[in-house]
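Source file upload22.pdb; content: PDB, C-alpha atoms, pLDDT in the B column.
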ATOM      1  CA  MET A  13    -104.719 -20.431 -20.668  1.00 97.00           C
ATOM      2  CA  LEU A  14    -101.782 -18.380 -19.368  1.00 98.00           C
ATOM      3  CA  VAL A  15     -99.302 -17.242 -22.037  1.00 98.00           C
ATOM      4  CA  HIS A  16     -95.973 -15.703 -21.024  1.00 98.00           C
ATOM      5  CA  GLY A  17     -94.228 -12.830 -22.759  1.00 97.00           C
ATOM      6  CA  ALA A  18     -90.724 -12.113 -23.979  1.00 97.00           C
ATOM      7  CA  LEU A  19     -87.760 -12.417 -21.606  1.00 97.00           C
ATOM      8  CA  THR A  20     -89.635 -14.803 -19.293  1.00 97.00           C
ATOM      9  CA  ASP A  21     -91.109 -18.286 -19.414  1.00 96.00           C
ATOM     10  CA  ALA A  22     -94.249 -19.935 -18.094  1.00 96.00           C
ATOM     11  CA  SER A  23     -92.906 -19.836 -14.538  1.00 97.00           C
ATOM     12  CA  VAL A  24     -94.038 -16.185 -14.249  1.00 98.00           C
ATOM     13  CA  TRP A  25     -97.554 -17.594 -13.844  1.00 98.00           C
ATOM     14  CA  ASN A  26     -96.763 -19.927 -10.936  1.00 98.00           C
ATOM     15  CA  GLY A  27     -98.401 -17.784  -8.259  1.00 98.00           C
ATOM     16  CA  VAL A  28    -101.427 -17.038 -10.432  1.00 98.00           C
ATOM     17  CA  THR A  29    -101.750 -20.711 -11.363  1.00 98.00           C
ATOM     18  CA  ASN A  30    -101.860 -21.742  -7.700  1.00 98.00           C
ATOM     19  CA  ARG A  31    -104.745 -19.351  -7.071  1.00 98.00           C
ATOM     20  CA  LEU A  32    -106.701 -20.474 -10.146  1.00 97.00           C
ATOM     21  CA  LEU A  33    -106.261 -24.162  -9.359  1.00 97.00           C
ATOM     22  CA  ALA A  34    -107.425 -23.536  -5.807  1.00 97.00           C
ATOM     23  CA  ALA A  35    -110.547 -21.900  -7.248  1.00 96.00           C
ATOM     24  CA  GLY A  36    -111.296 -25.053  -9.239  1.00 95.00           C
ATOM     25  CA  HIS A  37    -110.213 -23.974 -12.714  1.00 95.00           C
ATOM     26  CA  GLU A  38    -108.243 -26.027 -15.189  1.00 95.00           C
ATOM     27  CA  VAL A  39    -105.060 -24.210 -16.229  1.00 97.00           C
ATOM     28  CA  SER A  40    -102.665 -24.500 -19.159  1.00 96.00           C
ATOM     29  CA  ALA A  41     -99.441 -22.455 -19.403  1.00 97.00           C
ATOM     30  CA  PRO A  42     -97.664 -23.168 -22.706  1.00 96.00           C
ATOM     31  CA  SER A  43     -94.223 -21.829 -23.645  1.00 94.00           C
ATOM     32  CA  LEU A  44     -93.931 -19.766 -26.830  1.00 96.00           C
ATOM     33  CA  PRO A  45     -91.067 -20.218 -29.321  1.00 95.00           C
ATOM     34  CA  MET A  46     -90.485 -16.415 -29.453  1.00 95.00           C
ATOM     35  CA  ARG A  47     -89.345 -16.520 -33.075  1.00 92.00           C
ATOM     36  CA  GLY A  48     -92.026 -14.371 -34.729  1.00 96.00           C
ATOM     37  CA  LEU A  49     -95.647 -13.235 -34.460  1.00 98.00           C
ATOM     38  CA  GLU A  50     -97.002 -15.660 -37.052  1.00 97.00           C
ATOM     39  CA  GLU A  51     -94.898 -18.528 -35.685  1.00 96.00           C
ATOM     40  CA  ASP A  52     -95.954 -17.899 -32.097  1.00 97.00           C
ATOM     41  CA  ALA A  53     -99.621 -17.476 -33.050  1.00 97.00           C
ATOM     42  CA  GLY A  54     -99.561 -20.699 -35.050  1.00 97.00           C
ATOM     43  CA  TYR A  55     -98.018 -22.551 -32.125  1.00 97.00           C
ATOM     44  CA  LEU A  56    -100.592 -21.166 -29.696  1.00 97.00           C
ATOM     45  CA  ALA A  57    -103.535 -21.782 -32.033  1.00 96.00           C
ATOM     46  CA  ASP A  58    -102.543 -25.437 -32.236  1.00 95.00           C
ATOM     47  CA  HIS A  59    -102.426 -25.589 -28.436  1.00 94.00           C
ATOM     48  CA  VAL A  60    -105.840 -23.898 -28.144  1.00 95.00           C
ATOM     49  CA  GLY A  61    -107.281 -26.340 -30.662  1.00 92.00           C
ATOM     50  CA  ARG A  62    -106.470 -29.282 -28.417  1.00 92.00           C
ATOM     51  CA  LEU A  63    -108.446 -27.952 -25.435  1.00 92.00           C
ATOM     52  CA  PRO A  64    -112.191 -27.904 -24.764  1.00 88.00           C
ATOM     53  CA  GLY A  65    -113.892 -24.574 -24.217  1.00 86.00           C
ATOM     54  CA  PRO A  66    -114.751 -22.181 -22.899  1.00 94.00           C
ATOM     55  CA  ILE A  67    -111.200 -20.797 -22.558  1.00 96.00           C
ATOM     56  CA  VAL A  68    -110.107 -17.491 -21.062  1.00 97.00           C
ATOM     57  CA  VAL A  69    -106.859 -16.789 -22.937  1.00 98.00           C
ATOM     58  CA  VAL A  70    -104.442 -14.584 -21.000  1.00 98.00           C
ATOM     59  CA  GLY A  71    -101.373 -12.876 -22.433  1.00 98.00           C
ATOM     60  CA  HIS A  72     -98.566 -11.050 -20.640  1.00 98.00           C
ATOM     61  CA  SER A  73     -96.426  -8.487 -22.466  1.00 98.00           C
ATOM     62  CA  TRP A  74     -95.477  -9.772 -25.957  1.00 98.00           C
ATOM     63  CA  ALA A  75     -98.090 -12.522 -25.650  1.00 98.00           C
ATOM     64  CA  GLY A  76    -100.787  -9.868 -25.927  1.00 98.00           C
ATOM     65  CA  ALA A  77     -99.868  -9.494 -29.593  1.00 98.00           C
ATOM     66  CA  VAL A  78     -99.978 -13.273 -29.975  1.00 98.00           C
ATOM     67  CA  ILE A  79    -103.412 -13.753 -28.392  1.00 98.00           C
ATOM     68  CA  SER A  80    -104.730 -10.874 -30.543  1.00 98.00           C
ATOM     69  CA  HIS A  81    -103.937 -12.842 -33.712  1.00 98.00           C
ATOM     70  CA  PRO A  82    -107.068 -13.768 -35.693  1.00 96.00           C
ATOM     71  CA  SER A  83    -106.186 -17.461 -35.517  1.00 96.00           C
ATOM     72  CA  ILE A  84    -106.797 -17.376 -31.749  1.00 96.00           C
ATOM     73  CA  ALA A  85    -110.086 -15.481 -31.744  1.00 89.00           C
ATOM     74  CA  THR A  86    -111.601 -17.622 -34.488  1.00 88.00           C
ATOM     75  CA  SER A  87    -111.419 -20.699 -32.264  1.00 88.00           C
ATOM     76  CA  ASP A  88    -114.913 -21.511 -31.010  1.00 89.00           C
ATOM     77  CA  ALA A  89    -113.395 -22.435 -27.656  1.00 93.00           C
ATOM     78  CA  VAL A  90    -112.066 -18.928 -26.884  1.00 96.00           C
ATOM     79  CA  ALA A  91    -114.595 -17.003 -24.787  1.00 96.00           C
ATOM     80  CA  ALA A  92    -112.484 -14.105 -23.439  1.00 97.00           C
ATOM     81  CA  LEU A  93    -109.090 -12.452 -23.793  1.00 98.00           C
ATOM     82  CA  VAL A  94    -107.181 -10.911 -20.882  1.00 98.00           C
ATOM     83  CA  TYR A  95    -104.232  -8.595 -21.451  1.00 98.00           C
ATOM     84  CA  VAL A  96    -101.851  -8.436 -18.485  1.00 98.00           C
ATOM     85  CA  ALA A  97     -99.486  -5.489 -19.030  1.00 98.00           C
ATOM     86  CA  ALA A  98     -99.703  -6.622 -22.635  1.00 98.00           C
ATOM     87  CA  PHE A  99     -99.764  -5.414 -26.202  1.00 98.00           C
ATOM     88  CA  GLN A 100    -103.168  -5.060 -27.882  1.00 98.00           C
ATOM     89  CA  PRO A 101    -102.257  -4.304 -31.498  1.00 98.00           C
ATOM     90  CA  ASP A 102    -104.735  -3.358 -34.165  1.00 98.00           C
ATOM     91  CA  GLN A 103    -104.416  -4.597 -37.728  1.00 98.00           C
ATOM     92  CA  GLY A 104    -101.137  -3.429 -39.252  1.00 98.00           C
ATOM     93  CA  GLU A 105     -99.536  -2.470 -35.919  1.00 98.00           C
ATOM     94  CA  SER A 106     -96.394  -4.008 -34.423  1.00 98.00           C
ATOM     95  CA  ALA A 107     -95.457  -4.361 -30.767  1.00 98.00           C
ATOM     96  CA  GLY A 108     -92.293  -2.343 -31.250  1.00 97.00           C
ATOM     97  CA  ALA A 109     -94.094   0.616 -32.816  1.00 97.00           C
ATOM     98  CA  LEU A 110     -96.766   0.606 -30.114  1.00 98.00           C
ATOM     99  CA  ASN A 111     -94.161   0.680 -27.352  1.00 96.00           C
ATOM    100  CA  GLU A 112     -92.677   3.819 -28.908  1.00 95.00           C
ATOM    101  CA  ARG A 113     -96.026   5.601 -29.212  1.00 95.00           C
ATOM    102  CA  PHE A 114     -95.578   7.239 -25.798  1.00 97.00           C
ATOM    103  CA  PRO A 115     -92.356   7.934 -23.872  1.00 96.00           C
ATOM    104  CA  GLY A 116     -91.258   6.037 -20.786  1.00 96.00           C
ATOM    105  CA  SER A 117     -89.982   2.621 -21.845  1.00 98.00           C
ATOM    106  CA  LEU A 118     -86.530   1.594 -20.637  1.00 98.00           C
ATOM    107  CA  LEU A 119     -86.337  -1.148 -23.252  1.00 97.00           C
ATOM    108  CA  THR A 120     -83.679   0.951 -24.938  1.00 97.00           C
ATOM    109  CA  PRO A 121     -80.553  -0.185 -26.829  1.00 96.00           C
ATOM    110  CA  GLU A 122     -78.201   0.478 -23.916  1.00 98.00           C
ATOM    111  CA  ASN A 123     -80.264  -1.823 -21.672  1.00 98.00           C
ATOM    112  CA  LEU A 124     -80.617  -4.653 -24.198  1.00 98.00           C
ATOM    113  CA  SER A 125     -78.395  -7.406 -25.524  1.00 98.00           C
ATOM    114  CA  VAL A 126     -78.763  -8.783 -29.062  1.00 97.00           C
ATOM    115  CA  VAL A 127     -76.568 -11.741 -30.021  1.00 97.00           C
ATOM    116  CA  PRO A 128     -76.583 -14.354 -32.802  1.00 96.00           C
ATOM    117  CA  ASN A 129     -77.906 -17.787 -31.925  1.00 91.00           C
ATOM    118  CA  PRO A 130     -76.758 -21.153 -33.343  1.00 90.00           C
ATOM    119  CA  LEU A 131     -79.912 -21.446 -35.451  1.00 85.00           C
ATOM    120  CA  GLY A 132     -78.936 -18.456 -37.551  1.00 87.00           C
ATOM    121  CA  GLY A 133     -81.243 -15.921 -35.914  1.00 89.00           C
ATOM    122  CA  LEU A 134     -80.837 -13.324 -33.202  1.00 96.00           C
ATOM    123  CA  ASP A 135     -81.682 -13.405 -29.499  1.00 97.00           C
ATOM    124  CA  LEU A 136     -82.782 -10.270 -27.652  1.00 98.00           C
ATOM    125  CA  THR A 137     -82.640 -10.112 -23.862  1.00 98.00           C
ATOM    126  CA  LEU A 138     -82.301  -7.478 -21.162  1.00 98.00           C
ATOM    127  CA  ARG A 139     -78.841  -6.982 -19.696  1.00 98.00           C
ATOM    128  CA  PRO A 140     -78.962  -8.922 -16.402  1.00 97.00           C
ATOM    129  CA  ASP A 141     -77.695  -5.920 -14.434  1.00 97.00           C
ATOM    130  CA  ARG A 142     -80.618  -3.836 -15.773  1.00 98.00           C
ATOM    131  CA  PHE A 143     -83.336  -6.473 -15.547  1.00 98.00           C
ATOM    132  CA  ALA A 144     -84.703  -5.630 -12.101  1.00 98.00           C
ATOM    133  CA  GLU A 145     -84.999  -1.891 -12.709  1.00 98.00           C
ATOM    134  CA  VAL A 146     -86.503  -2.193 -16.170  1.00 98.00           C
ATOM    135  CA  TYR A 147     -88.730  -5.252 -15.753  1.00 98.00           C
ATOM    136  CA  ALA A 148     -89.166  -6.339 -12.146  1.00 98.00           C
ATOM    137  CA  ALA A 149     -88.584  -3.407  -9.795  1.00 98.00           C
ATOM    138  CA  ASP A 150     -91.141  -4.632  -7.229  1.00 98.00           C
ATOM    139  CA  VAL A 151     -90.138  -8.312  -7.320  1.00 98.00           C
ATOM    140  CA  GLU A 152     -88.169  -9.645  -4.344  1.00 98.00           C
ATOM    141  CA  PRO A 153     -84.487  -9.027  -5.288  1.00 98.00           C
ATOM    142  CA  SER A 154     -83.326 -12.641  -5.143  1.00 98.00           C
ATOM    143  CA  HIS A 155     -86.260 -13.729  -7.311  1.00 98.00           C
ATOM    144  CA  ALA A 156     -85.594 -10.913  -9.785  1.00 98.00           C
ATOM    145  CA  ALA A 157     -81.963 -12.023  -9.947  1.00 98.00           C
ATOM    146  CA  VAL A 158     -83.055 -15.549 -10.898  1.00 98.00           C
ATOM    147  CA  MET A 159     -85.387 -14.127 -13.566  1.00 98.00           C
ATOM    148  CA  SER A 160     -82.567 -11.983 -14.945  1.00 98.00           C
ATOM    149  CA  VAL A 161     -80.298 -14.970 -15.623  1.00 97.00           C
ATOM    150  CA  SER A 162     -83.018 -17.295 -16.941  1.00 97.00           C
ATOM    151  CA  GLN A 163     -84.534 -15.068 -19.611  1.00 97.00           C
ATOM    152  CA  ARG A 164     -86.245 -16.623 -22.640  1.00 95.00           C
ATOM    153  CA  PRO A 165     -84.968 -14.556 -25.567  1.00 97.00           C
ATOM    154  CA  ILE A 166     -87.070 -13.245 -28.421  1.00 97.00           C
ATOM    155  CA  ASP A 167     -85.991 -12.665 -31.990  1.00 97.00           C
ATOM    156  CA  PRO A 168     -85.935  -8.851 -32.241  1.00 97.00           C
ATOM    157  CA  ALA A 169     -87.462  -9.034 -35.720  1.00 96.00           C
ATOM    158  CA  ALA A 170     -90.683 -10.268 -34.107  1.00 97.00           C
ATOM    159  CA  LEU A 171     -91.222  -6.897 -32.457  1.00 97.00           C
ATOM    160  CA  GLY A 172     -91.424  -5.219 -35.848  1.00 97.00           C
ATOM    161  CA  GLN A 173     -93.872  -7.664 -37.416  1.00 98.00           C
ATOM    162  CA  PRO A 174     -97.374  -6.192 -37.881  1.00 98.00           C
ATOM    163  CA  LEU A 175    -100.581  -7.957 -36.990  1.00 98.00           C
ATOM    164  CA  VAL A 176    -102.252  -9.246 -40.154  1.00 97.00           C
ATOM    165  CA  GLY A 177    -106.033  -9.418 -39.981  1.00 96.00           C
ATOM    166  CA  GLU A 178    -108.632  -8.231 -37.506  1.00 97.00           C
ATOM    167  CA  PRO A 179    -107.488  -8.507 -33.879  1.00 98.00           C
ATOM    168  CA  GLY A 180    -109.382 -10.800 -31.546  1.00 97.00           C
ATOM    169  CA  TRP A 181    -110.278  -8.022 -29.113  1.00 97.00           C
ATOM    170  CA  LYS A 182    -112.693  -6.618 -31.697  1.00 97.00           C
ATOM    171  CA  THR A 183    -114.928  -9.680 -31.522  1.00 96.00           C
ATOM    172  CA  VAL A 184    -114.142 -11.369 -28.187  1.00 96.00           C
ATOM    173  CA  PRO A 185    -114.805  -9.803 -24.734  1.00 96.00           C
ATOM    174  CA  SER A 186    -111.568  -8.506 -23.260  1.00 97.00           C
ATOM    175  CA  TRP A 187    -110.046  -7.414 -19.988  1.00 98.00           C
ATOM    176  CA  ALA A 188    -106.827  -5.441 -19.479  1.00 98.00           C
ATOM    177  CA  ILE A 189    -104.479  -4.869 -16.558  1.00 98.00           C
ATOM    178  CA  VAL A 190    -102.634  -1.547 -16.691  1.00 98.00           C
ATOM    179  CA  THR A 191     -99.435  -1.555 -14.622  1.00 98.00           C
ATOM    180  CA  THR A 192     -98.928   1.996 -13.405  1.00 98.00           C
ATOM    181  CA  SER A 193     -95.231   1.656 -12.429  1.00 98.00           C
ATOM    182  CA  ASP A 194     -94.251  -0.189 -15.608  1.00 98.00           C
ATOM    183  CA  ARG A 195     -90.847   0.784 -17.048  1.00 98.00           C
ATOM    184  CA  SER A 196     -91.001  -1.681 -19.929  1.00 98.00           C
ATOM    185  CA  LEU A 197     -94.409  -1.034 -21.458  1.00 98.00           C
ATOM    186  CA  PRO A 198     -95.414   2.507 -20.391  1.00 97.00           C
ATOM    187  CA  PRO A 199     -98.783   2.967 -18.637  1.00 98.00           C
ATOM    188  CA  ALA A 200     -99.814   5.531 -21.272  1.00 98.00           C
ATOM    189  CA  VAL A 201     -99.444   2.882 -23.970  1.00 98.00           C
ATOM    190  CA  LEU A 202    -101.373   0.314 -21.952  1.00 98.00           C
ATOM    191  CA  ARG A 203    -104.219   2.769 -21.280  1.00 98.00           C
ATOM    192  CA  PHE A 204    -104.377   3.814 -24.933  1.00 98.00           C
ATOM    193  CA  MET A 205    -104.672   0.219 -26.118  1.00 98.00           C
ATOM    194  CA  ALA A 206    -107.192  -0.829 -23.455  1.00 98.00           C
ATOM    195  CA  GLU A 207    -109.428   2.193 -24.038  1.00 98.00           C
ATOM    196  CA  ARG A 208    -109.338   1.713 -27.789  1.00 98.00           C
ATOM    197  CA  ALA A 209    -110.294  -1.944 -27.407  1.00 98.00           C
ATOM    198  CA  GLY A 210    -113.080  -1.205 -24.937  1.00 98.00           C
ATOM    199  CA  SER A 211    -111.528  -3.670 -22.493  1.00 98.00           C
ATOM    200  CA  HIS A 212    -112.690  -3.964 -18.897  1.00 98.00           C
ATOM    201  CA  THR A 213    -109.676  -2.294 -17.292  1.00 98.00           C
ATOM    202  CA  VAL A 214    -108.041  -2.651 -13.879  1.00 98.00           C
ATOM    203  CA  GLU A 215    -105.016  -0.618 -12.819  1.00 98.00           C
ATOM    204  CA  ILE A 216    -102.389  -2.122 -10.498  1.00 98.00           C
ATOM    205  CA  ASP A 217     -99.422  -0.237  -9.031  1.00 98.00           C
ATOM    206  CA  SER A 218     -96.835  -2.689 -10.311  1.00 98.00           C
ATOM    207  CA  SER A 219     -93.789  -3.202 -12.460  1.00 98.00           C
ATOM    208  CA  HIS A 220     -94.035  -5.070 -15.756  1.00 98.00           C
ATOM    209  CA  ALA A 221     -93.606  -8.349 -13.862  1.00 98.00           C
ATOM    210  CA  VAL A 222     -97.080  -8.079 -12.355  1.00 98.00           C
ATOM    211  CA  PRO A 223     -97.888 -11.834 -12.525  1.00 98.00           C
ATOM    212  CA  VAL A 224     -94.905 -12.378 -10.222  1.00 98.00           C
ATOM    213  CA  SER A 225     -95.191  -9.382  -7.906  1.00 98.00           C
ATOM    214  CA  HIS A 226     -99.011  -9.290  -7.602  1.00 98.00           C
ATOM    215  CA  PRO A 227    -100.308 -12.795  -8.350  1.00 98.00           C
ATOM    216  CA  ASP A 228    -103.419 -12.438  -6.195  1.00 98.00           C
ATOM    217  CA  ALA A 229    -104.489  -9.200  -7.897  1.00 98.00           C
ATOM    218  CA  VAL A 230    -103.922 -10.728 -11.336  1.00 98.00           C
ATOM    219  CA  ALA A 231    -105.809 -13.876 -10.387  1.00 98.00           C
ATOM    220  CA  ASP A 232    -108.723 -11.743  -9.164  1.00 98.00           C
ATOM    221  CA  VAL A 233    -109.042 -10.170 -12.618  1.00 97.00           C
ATOM    222  CA  LEU A 234    -108.916 -13.557 -14.329  1.00 97.00           C
ATOM    223  CA  LEU A 235    -111.529 -14.976 -11.992  1.00 97.00           C
ATOM    224  CA  ALA A 236    -113.736 -11.935 -12.623  1.00 95.00           C
ATOM    225  CA  ALA A 237    -113.413 -12.499 -16.370  1.00 96.00           C
ATOM    226  CA  ALA A 238    -114.398 -16.140 -15.948  1.00 94.00           C
ATOM    227  CA  ARG A 239    -117.405 -15.210 -13.794  1.00 93.00           C
ATOM    228  CA  ALA A 240    -118.529 -12.596 -16.313  1.00 92.00           C
ATOM    229  CA  LEU A 241    -119.067 -15.204 -19.002  1.00 83.00           C
ATOM    230  CA  SER A 242    -122.823 -15.662 -19.115  1.00 56.00           C
ATOM    231  CA  PRO A 243    -124.326 -19.140 -18.881  1.00 55.00           C
ATOM    232  CA  GLU A 244    -125.559 -18.659 -22.453  1.00 46.00           C
ATOM    233  CA  THR A 245    -122.043 -17.855 -23.707  1.00 45.00           C
ATOM    234  CA  THR A 246    -120.523 -20.709 -21.778  1.00 41.00           C
ATOM    235  CA  ALA A 247    -123.083 -23.171 -23.138  1.00 37.00           C
ATOM    236  CA  ALA A 248    -122.626 -21.961 -26.701  1.00 36.00           C
ATOM    237  CA  VAL A 249    -118.832 -22.153 -26.559  1.00 34.00           C
ATOM    238  CA  THR A 250    -118.926 -25.601 -25.029  1.00 31.00           C
ATOM    239  CA  ALA A 251    -121.388 -26.829 -27.674  1.00 30.00           C
ATOM    240  CA  LYS A 252    -119.328 -25.464 -30.558  1.00 28.00           C
ATOM    241  CA  GLY A 253    -116.060 -26.687 -29.068  1.00 28.00           C
TER
END
Translate this structure into structure tokens?
Amino acid sequence: MLVHGALTDASVWNGVTNRLLAAGHEVSAPSLPMRGLEEDAGYLADHVGRLPGPIVVVGHSWAGAVISHPSIATSDAVAALVYVAAFQPDQGESAGALNERFPGSLLTPENLSVVPNPLGGLDLTLRPDRFAEVYAADVEPSHAAVMSVSQRPIDPAALGQPLVGEPGWKTVPSWAIVTTSDRSLPPAVLRFMAERAGSHTVEIDSSHAVPVSHPDAVADVLLAAARALSPETTAAVTAKG
């Protein structure tokens, strides 16, 4: 299951999805509402509950916080979590606070736009003229331009909402991709979270948009995670699911 982050939609997984389908895996790539951590986790948990296991649940960026929610890990179908340039919060931590733990993020007020939406909330996006540098520096320029004008906004309040309960990475095997040229979520933050979680870690010289710019490398990590699931684990997850 491939879960997109803030400022993008499920299309960021298109290249990865092609590789996984070619390898014979079933793939699901839902779209998150982006209205809050509890709301997004509830939406995703419902989606997970409709699928048979075992499931490797993959989160990019903001979606790392969502897949860490206890409601995801407690599903018998979930066999592994993969964090792709993604947040791995512990209990009581928010994505926004984690991103400020080390310097280097260009997700700063001058690069962001926050506007009211018709539903009474707020929408946060990157300024289109700053999108490529901050988010997708190694994506082909015309593709990055399309991404910049088709952003899926997030309610900025979501970034300050702490994770309630024990995160899934404490009980479910996890993998993490650290993007070493990331200007959105600094590599130091990604390494700190992955090391703390004991995740199997792979470093890729990439911008934050690593599913787009390096789909083969990302797919390799996901396939490795799937292969690492022992026959005993796979059988147990399938039986319980």
Run the PyMOL selection byres ((chain A and resi 22-36) around 8) against the file shown and list the residues it catches, as a PDB file with C-alpha atoms, in the coordinates of the input.
ATOM      1  CA  LEU A  14    -101.782 -18.380 -19.368  1.00 98.00           C
ATOM      2  CA  VAL A  15     -99.302 -17.242 -22.037  1.00 98.00           C
ATOM      3  CA  HIS A  16     -95.973 -15.703 -21.024  1.00 98.00           C
ATOM      4  CA  THR A  20     -89.635 -14.803 -19.293  1.00 97.00           C
ATOM      5  CA  ASP A  21     -91.109 -18.286 -19.414  1.00 96.00           C
ATOM      6  CA  HIS A  37    -110.213 -23.974 -12.714  1.00 95.00           C
ATOM      7  CA  GLU A  38    -108.243 -26.027 -15.189  1.00 95.00           C
ATOM      8  CA  VAL A  39    -105.060 -24.210 -16.229  1.00 97.00           C
ATOM      9  CA  ALA A  41     -99.441 -22.455 -19.403  1.00 97.00           C
ATOM     10  CA  PRO A  42     -97.664 -23.168 -22.706  1.00 96.00           C
ATOM     11  CA  SER A  43     -94.223 -21.829 -23.645  1.00 94.00           C
ATOM     12  CA  ALA A 221     -93.606  -8.349 -13.862  1.00 98.00           C
ATOM     13  CA  PRO A 223     -97.888 -11.834 -12.525  1.00 98.00           C
ATOM     14  CA  VAL A 224     -94.905 -12.378 -10.222  1.00 98.00           C
ATOM     15  CA  PRO A 227    -100.308 -12.795  -8.350  1.00 98.00           C
ATOM     16  CA  ASP A 228    -103.419 -12.438  -6.195  1.00 98.00           C
ATOM     17  CA  VAL A 230    -103.922 -10.728 -11.336  1.00 98.00           C
ATOM     18  CA  ALA A 231    -105.809 -13.876 -10.387  1.00 98.00           C
ATOM     19  CA  LEU A 235    -111.529 -14.976 -11.992  1.00 97.00           C
TER      20      LEU A 235
END
Selection: 8 Å around Gln103 in chain A, all atoms listed in the file, excl. self and same-chain fewer than 2 positions, as a PDB file with C-alpha atoms, in the coordinates of the input:
ATOM      1  CA  PRO A 101    -102.257  -4.304 -31.498  1.00 98.00           C
ATOM      2  CA  GLU A 105     -99.536  -2.470 -35.919  1.00 98.00           C
ATOM      3  CA  PRO A 174     -97.374  -6.192 -37.881  1.00 98.00           C
ATOM      4  CA  LEU A 175    -100.581  -7.957 -36.990  1.00 98.00           C
ATOM      5  CA  VAL A 176    -102.252  -9.246 -40.154  1.00 97.00           C
ATOM      6  CA  GLY A 177    -106.033  -9.418 -39.981  1.00 96.00           C
ATOM      7  CA  GLU A 178    -108.632  -8.231 -37.506  1.00 97.00           C
ATOM      8  CA  PRO A 179    -107.488  -8.507 -33.879  1.00 98.00           C
TER       9      PRO A 179
END
Inset, instruction - Please evaluate the PyMOL selection byres ((chain A and resi 69) around 8) against the structure above and give the resulting residues as a list in words. - result: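 Applied to this file, the PyMOL selection byres ((chain A and resi 69) around 8) selects Met13, Leu14, Val15, Ile67, Val68, Val70, Gly71, Ile79, Val90, Ala91, Ala92, Leu93 and Val94 of chain A.
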Inset, instruction - Would you mind telling me which residue in A:Val161, A:Leu131, A:Ala107, A:Val184 lies nearest to Ile84 in chain A when using all atoms listed in the file? - result: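 The answer is A:Val184, which sits nearest to Ile84 in chain A.
Between Gly104 in chain A and the residues A:Met159, A:Ala77, A:Ala89, A:Leu234, the shortest atom-to-atom distance, using all atoms listed in the file, involves A:Ala77.
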